[in-house]
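Below is one structure; the comments refer to it alone.
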Amino acid sequence: MRTRITELLGIKYPIVQGGMMWVGLAEMASAVSNAGGLGLITALTQPSPEALAKEIERCREMTDKPFGVNLTFTVRPKPLPYHEYAAVIAESGVKIVETAGNNPEPFMAGFKKAGIIVIHKCTSVRHGLKAERLGCDVISMDGFECAGHPGEDDTPNFVLLPCAAAQIKVPLLASGGVGNARSLVAALALGADGVNMGTRFMATKEAPIHENVKQAIVAGDERSSTHILRKMRNTSRIYKNSVALKIREIEARPDSTFQEIADLVAGVKNNVVYQTGDLEAGTWTAGMVMGLIHDIPTCKELLDRMVSEAQEIVNSQLAKSFAA
Ligand SMILES: Cc1cc2nc3c(=O)[nH]c(=O)nc-3n(C[C@H](O)[C@H](O)[C@H](O)COP(=O)(O)O)c2cc1C
């Protein structure tokens with residue numbers, strides 16, 4: 001395939017694996033890159049900037065294709081050494097970074113000096129335009145459907161993408177709810193130059209998570225995720241398990257506070273779920289796109305299939321609809 005995304009990133013298919021806390025290890029990123037997409041290591045999954053440098057090296061041994069690093073600026077009581085993580089990325093020679101979570105401005109000069117292509121992931125057109133003004137090279141639009149943080153505007157991709165495409169000039173990625181060939185075709189038709197997927201990549205052979213989690217994603221449907229933390233204006237879409245329902249119950253009480261749910265939402269418990277396969281051990285991230293996920297292929301099988309079926313949809317089904 002050839003789009004502005006394949007050209008700019010030097011990849012075969014316009015398909016990116018978004019940053020995934022605890023899941024975005026070298027195994028995941030290299031598998032996606034070897035399959036013709038763009039894999040991303042998730043910086044904050046590494047306990048220190050030094051560990052990130054080693055993970056980048058490990059990924060380099062697993063693929064000779066382009067891969068990148070996601071750096072997410074999260075809301076935390078104690079700030080993380082983001083500038084040190086960013087410096088490690090620049091020094092490592094990695095040429096593609098996905099930023100998310102907050103304004104990337106303080107990091108742009110360093111990334112640009114190192115010749116890095118910056119993909120900024122955001123959830124609204126206004127934030128996309130701001131990132132474009134700051135010099136970001138690609139905007140990844142996370143619609144309401146997305147796993148993780150969809151923002152507070154609740155605009156699904158059917159509206160968000162064409163709105164973004166009408167105003168943003170740099171290449172655009174459609175993120176959130178993308179799971180198969182139909183999603184890929186739709187994303188391109190809505191004005192994107194490629195897609196970004198999270199949940200779909202969790203249900204692949206190479207994803208470094210427990211088989212129970214992969215099976216739960218396959219068994220799940222479009223109603224198996226839910227939002228939490230809306231009250232704190234830090235909305236997060238996660239798998240709808242007993243922990244998620246408990247959090248929602250507490251949040252629904254008008255007098256409830258964050259302290260009451262702090263332990264339930266502790267991020268480290270996500271990793272317990274991913275490592276042990278105990279699906280009720282904590283909250284864990286997955287999106288509505290579970291409704292489109294019915295198997296656990298290799299990344300190569302997944303991407304080859306998405307692209308060949310997309311071609312079939314365009315050349316046969318759609319072409320027929322417009323035939324005189
Ligand atoms: C397990 C998991 C962890 C995630 N962690 C992050 C993260 O640390 N930083 C980030 O920018 N996005 C994160 N995301 C969001 C994805 O990068 C992507 O934007 C989202 O999954 C797209 O929606 P989809 O799951 O419907 O494809 C995560 C998603 C998942 C499924």
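Lettering and numbering for the structure tokens are positional, with chains as A, B, ... in the shown order, residues counted from 1 in each chain, and ligands counted from 1 in the shown order.
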Item to complete: Could you give me the residues within 8 Å of ligand 1, counting only C-alpha atoms and all ligand atoms, as number ranges by chain?
Response: A: 17-24, 42, 44-45, 70-72, 98-101, 121, 142-143, 145-149, 175-179, 196-202, 284-290
Strand (DSSP E) per DSSP on the backbone: members of region 41-263 of chain A, as a CSV table (one decimal) with N, CA and C atoms, in the first residue's frame:
chain,number,residue,atom,x,y,z
A,41,ILE,N,7.5,0.7,21.1
A,41,ILE,CA,7.8,0.4,22.5
A,41,ILE,C,7.2,1.4,23.4
A,42,THR,N,6.6,1.0,24.5
A,42,THR,CA,6.0,2.0,25.4
A,42,THR,C,7.0,2.4,26.5
A,67,PHE,N,10.9,1.1,13.8
A,67,PHE,CA,10.0,1.0,14.9
A,67,PHE,C,10.1,2.3,15.7
A,68,GLY,N,9.2,2.5,16.6
A,68,GLY,CA,9.3,3.8,17.4
A,68,GLY,C,9.1,3.6,18.9
A,69,VAL,N,8.9,4.7,19.6
A,69,VAL,CA,8.7,4.7,21.0
A,69,VAL,C,7.6,5.6,21.4
A,70,ASN,N,6.7,5.1,22.2
A,70,ASN,CA,5.6,5.9,22.7
A,70,ASN,C,6.0,6.6,24.1
A,71,LEU,N,5.8,7.9,24.2
A,71,LEU,CA,6.1,8.5,25.5
A,71,LEU,C,4.8,9.2,25.9
A,72,THR,N,4.2,8.7,26.9
A,72,THR,CA,2.9,9.2,27.4
A,72,THR,C,3.1,10.1,28.7
A,96,ILE,N,11.3,7.6,15.2
A,96,ILE,CA,9.8,7.9,15.3
A,96,ILE,C,9.4,7.8,16.8
A,97,VAL,N,8.6,8.8,17.2
A,97,VAL,CA,8.1,8.9,18.5
A,97,VAL,C,6.6,9.2,18.5
A,98,GLU,N,5.8,8.5,19.3
A,98,GLU,CA,4.4,8.8,19.5
A,98,GLU,C,4.3,9.5,20.9
A,99,THR,N,3.8,10.7,20.9
A,99,THR,CA,3.6,11.4,22.2
A,99,THR,C,2.1,11.3,22.5
A,100,ALA,N,1.7,11.4,23.7
A,100,ALA,CA,0.3,11.3,24.1
A,100,ALA,C,0.1,11.8,25.5
A,117,ILE,N,10.6,11.9,13.8
A,117,ILE,CA,9.3,12.2,13.3
A,117,ILE,C,8.4,12.0,14.5
A,118,VAL,N,7.6,13.1,14.8
A,118,VAL,CA,6.7,13.0,16.0
A,118,VAL,C,5.2,12.8,15.6
A,119,ILE,N,4.7,11.7,16.1
A,119,ILE,CA,3.3,11.4,15.9
A,119,ILE,C,2.6,11.8,17.2
A,120,HIS,N,1.7,12.8,17.2
A,120,HIS,CA,1.0,13.1,18.5
A,120,HIS,C,-0.4,12.6,18.5
A,121,LYS,N,-0.7,11.8,19.5
A,121,LYS,CA,-2.0,11.2,19.6
A,121,LYS,C,-2.9,12.1,20.5
A,122,CYS,N,-4.1,12.5,20.0
A,122,CYS,CA,-4.9,13.3,20.8
A,122,CYS,C,-6.4,13.0,20.5
A,138,VAL,N,2.7,14.0,12.4
A,138,VAL,CA,1.5,13.1,12.2
A,138,VAL,C,0.6,13.4,13.3
A,139,ILE,N,-0.7,13.4,13.1
A,139,ILE,CA,-1.7,13.5,14.2
A,139,ILE,C,-2.5,12.2,14.2
A,140,SER,N,-2.5,11.5,15.3
A,140,SER,CA,-3.2,10.3,15.5
A,140,SER,C,-4.5,10.7,16.3
A,141,MET,N,-5.7,10.5,15.7
A,141,MET,CA,-6.9,10.9,16.4
A,141,MET,C,-7.5,9.7,17.1
A,142,ASP,N,-7.6,9.8,18.4
A,142,ASP,CA,-8.3,8.7,19.2
A,142,ASP,C,-9.7,9.1,19.4
A,172,LEU,N,-2.7,11.9,8.9
A,172,LEU,CA,-3.6,11.6,10.0
A,172,LEU,C,-3.8,10.1,10.2
A,173,LEU,N,-3.7,9.7,11.4
A,173,LEU,CA,-4.0,8.3,11.7
A,173,LEU,C,-5.4,8.2,12.4
A,174,ALA,N,-6.1,7.2,12.1
A,174,ALA,CA,-7.4,6.9,12.7
A,174,ALA,C,-7.2,5.9,13.8
A,175,SER,N,-7.5,6.3,15.1
A,175,SER,CA,-7.2,5.4,16.2
A,175,SER,C,-8.5,5.2,17.0
A,194,GLY,N,-3.9,6.4,7.5
A,194,GLY,CA,-3.6,5.1,8.0
A,194,GLY,C,-4.3,4.9,9.3
A,195,VAL,N,-4.0,3.8,10.0
A,195,VAL,CA,-4.7,3.5,11.3
A,195,VAL,C,-3.8,3.2,12.4
A,196,ASN,N,-4.3,3.3,13.6
A,196,ASN,CA,-3.5,3.0,14.8
A,196,ASN,C,-4.4,2.0,15.6
A,197,MET,N,-3.8,0.9,16.0
A,197,MET,CA,-4.6,-0.1,16.8
A,197,MET,C,-3.9,-0.4,18.1
A,225,SER,N,-16.6,-3.3,27.2
A,225,SER,CA,-15.7,-2.3,27.8
A,225,SER,C,-16.6,-1.2,28.5
A,226,THR,N,-16.0,-0.4,29.4
A,226,THR,CA,-16.8,0.6,30.0
A,226,THR,C,-15.8,1.8,30.4
A,227,HIS,N,-16.4,2.9,30.7
A,227,HIS,CA,-15.6,4.1,31.1
A,227,HIS,C,-15.6,4.2,32.6
A,228,ILE,N,-14.4,4.5,33.1
A,228,ILE,CA,-14.2,4.9,34.6
A,228,ILE,C,-13.6,6.3,34.6
A,236,SER,N,-11.3,6.9,31.3
A,236,SER,CA,-10.5,5.8,30.8
A,236,SER,C,-11.4,4.6,30.4
A,237,ARG,N,-11.2,4.1,29.2
A,237,ARG,CA,-12.0,2.9,28.7
A,237,ARG,C,-11.3,1.7,29.1
A,238,ILE,N,-11.9,0.8,29.8
A,238,ILE,CA,-11.2,-0.5,30.3
A,238,ILE,C,-12.2,-1.6,30.1
A,239,TYR,N,-11.7,-2.8,30.3
A,239,TYR,CA,-12.5,-4.0,30.2
A,239,TYR,C,-13.5,-4.0,31.3
Discussion item. I'd like the neighbourhood of Arg76 (chain A) as number ranges by chain, where a residue qualifies if any of its atoms comes within 12 Å (using only C-alpha atoms), though same-chain residues fewer than 6 positions away should be ignored.
Written reply: A: 101, 234, 262, 266-267
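Coordinates place CA of Val94 (chain A) at a distance of 12.0 Å from CA of Lys112 (chain A).
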Worksheet item: Which residues come within 9 Å of region 291-304 of chain A, counting only C-alpha atoms, excluding same-chain residues fewer than 4 positions away, as JSON, numbers by chain?
Response: {"A": [13, 15, 28, 31, 32, 33, 34, 35, 36, 37, 177, 178, 179, 180, 199, 200, 201, 202, 203, 204, 205, 206, 207, 214, 215, 217, 218, 219, 220, 221, 222, 223, 224, 287, 308, 309]}
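In terms of minimum interatomic distance to Ala166 (chain A), A:Gly128 ranks closest within A:Gly128, A:Asn212, A:Val185, A:Ala86, counting only C-alpha atoms.
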Practice prompt. Could you please write out, as a PyMOL selection string, every residue of region 62-246 of chain A that DSSP assigns to helix (DSSP H, G or I)?
Written response: chain A and resi 62+82-92+105-113+125-134+157-167+181-189+199-202+211-219+242-246
Worksheet item: How far is it from CA of Thr123 (chain A) to CA of Gly151 (chain A), in Å with one decimal?
Response: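 These two atoms are separated by 5.8 Å.
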If you count only C-alpha atoms, which residues fall within 10 Å of Asn103 (chain A), apart from same-chain ones fewer than 4 positions away, as a PDB file with C-alpha atoms, in the first residue's frame?
ATOM      1  CA  PHE A  73       2.701  12.209  29.751  1.00  0.00           C
ATOM      2  CA  THR A  99       3.585  11.376  22.205  1.00  0.00           C
ATOM      3  CA  PHE A 107       9.990  17.951  24.084  1.00  0.00           C
ATOM      4  CA  MET A 108       9.655  19.108  20.486  1.00  0.00           C
ATOM      5  CA  HIS A 120       1.042  13.149  18.468  1.00  0.00           C
ATOM      6  CA  CYS A 122      -4.950  13.319  20.820  1.00  0.00           C
ATOM      7  CA  HIS A 127      -5.529  19.630  20.159  1.00  0.00           C
ATOM      8  CA  LYS A 130      -2.181  22.821  18.209  1.00  0.00           C
ATOM      9  CA  ALA A 131       0.167  19.825  17.829  1.00  0.00           C
ATOM     10  CA  LEU A 134       4.083  22.841  17.297  1.00  0.00           C
TER      11      LEU A 134
END
Please list as a PDB file with N, CA and C atoms, in the first residue's frame every residue within 9 Å of region 249-258 of chain A, counting only C-alpha atoms and excluding residues in the same chain fewer than 3 positions away.
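What landed in around12.pdb:
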ATOM      1  N   ILE A 228     -14.392   4.533  33.143  1.00  0.00           N
ATOM      2  CA  ILE A 228     -14.247   4.911  34.555  1.00  0.00           C
ATOM      3  C   ILE A 228     -13.558   6.279  34.609  1.00  0.00           C
ATOM      4  N   LEU A 229     -13.486   6.849  35.786  1.00  0.00           N
ATOM      5  CA  LEU A 229     -12.788   8.123  36.055  1.00  0.00           C
ATOM      6  C   LEU A 229     -13.372   9.333  35.325  1.00  0.00           C
ATOM      7  N   ARG A 230     -14.610   9.209  34.883  1.00  0.00           N
ATOM      8  CA  ARG A 230     -15.260  10.351  34.223  1.00  0.00           C
ATOM      9  C   ARG A 230     -15.397  11.514  35.202  1.00  0.00           C
ATOM     10  N   LYS A 231     -15.714  11.143  36.436  1.00  0.00           N
ATOM     11  CA  LYS A 231     -15.927  12.172  37.455  1.00  0.00           C
ATOM     12  C   LYS A 231     -14.677  13.023  37.670  1.00  0.00           C
ATOM     13  N   MET A 232     -13.509  12.395  37.496  1.00  0.00           N
ATOM     14  CA  MET A 232     -12.241  13.107  37.697  1.00  0.00           C
ATOM     15  C   MET A 232     -11.750  13.762  36.409  1.00  0.00           C
ATOM     16  N   ALA A 244     -14.055  -2.904  37.481  1.00  0.00           N
ATOM     17  CA  ALA A 244     -14.570  -1.733  36.750  1.00  0.00           C
ATOM     18  C   ALA A 244     -15.971  -1.370  37.258  1.00  0.00           C
ATOM     19  N   LEU A 245     -16.797  -2.380  37.468  1.00  0.00           N
ATOM     20  CA  LEU A 245     -18.169  -2.113  37.918  1.00  0.00           C
ATOM     21  C   LEU A 245     -18.178  -1.529  39.327  1.00  0.00           C
ATOM     22  N   LYS A 246     -17.266  -2.026  40.181  1.00  0.00           N
ATOM     23  CA  LYS A 246     -17.155  -1.502  41.547  1.00  0.00           C
ATOM     24  C   LYS A 246     -16.754  -0.016  41.511  1.00  0.00           C
ATOM     25  N   ILE A 261     -11.254   5.165  45.356  1.00  0.00           N
ATOM     26  CA  ILE A 261     -11.009   4.248  44.233  1.00  0.00           C
ATOM     27  C   ILE A 261      -9.521   4.119  43.894  1.00  0.00           C
ATOM     28  N   ALA A 262      -8.681   4.906  44.583  1.00  0.00           N
ATOM     29  CA  ALA A 262      -7.252   4.957  44.226  1.00  0.00           C
ATOM     30  C   ALA A 262      -6.647   3.552  44.159  1.00  0.00           C
TER      31      ALA A 262
END
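Each of A:Leu318, A:Leu8, A:Val273, A:Cys136 was checked against Ala189 (chain A) using only C-alpha atoms; the smallest atom-to-atom distance is that of A:Leu318.
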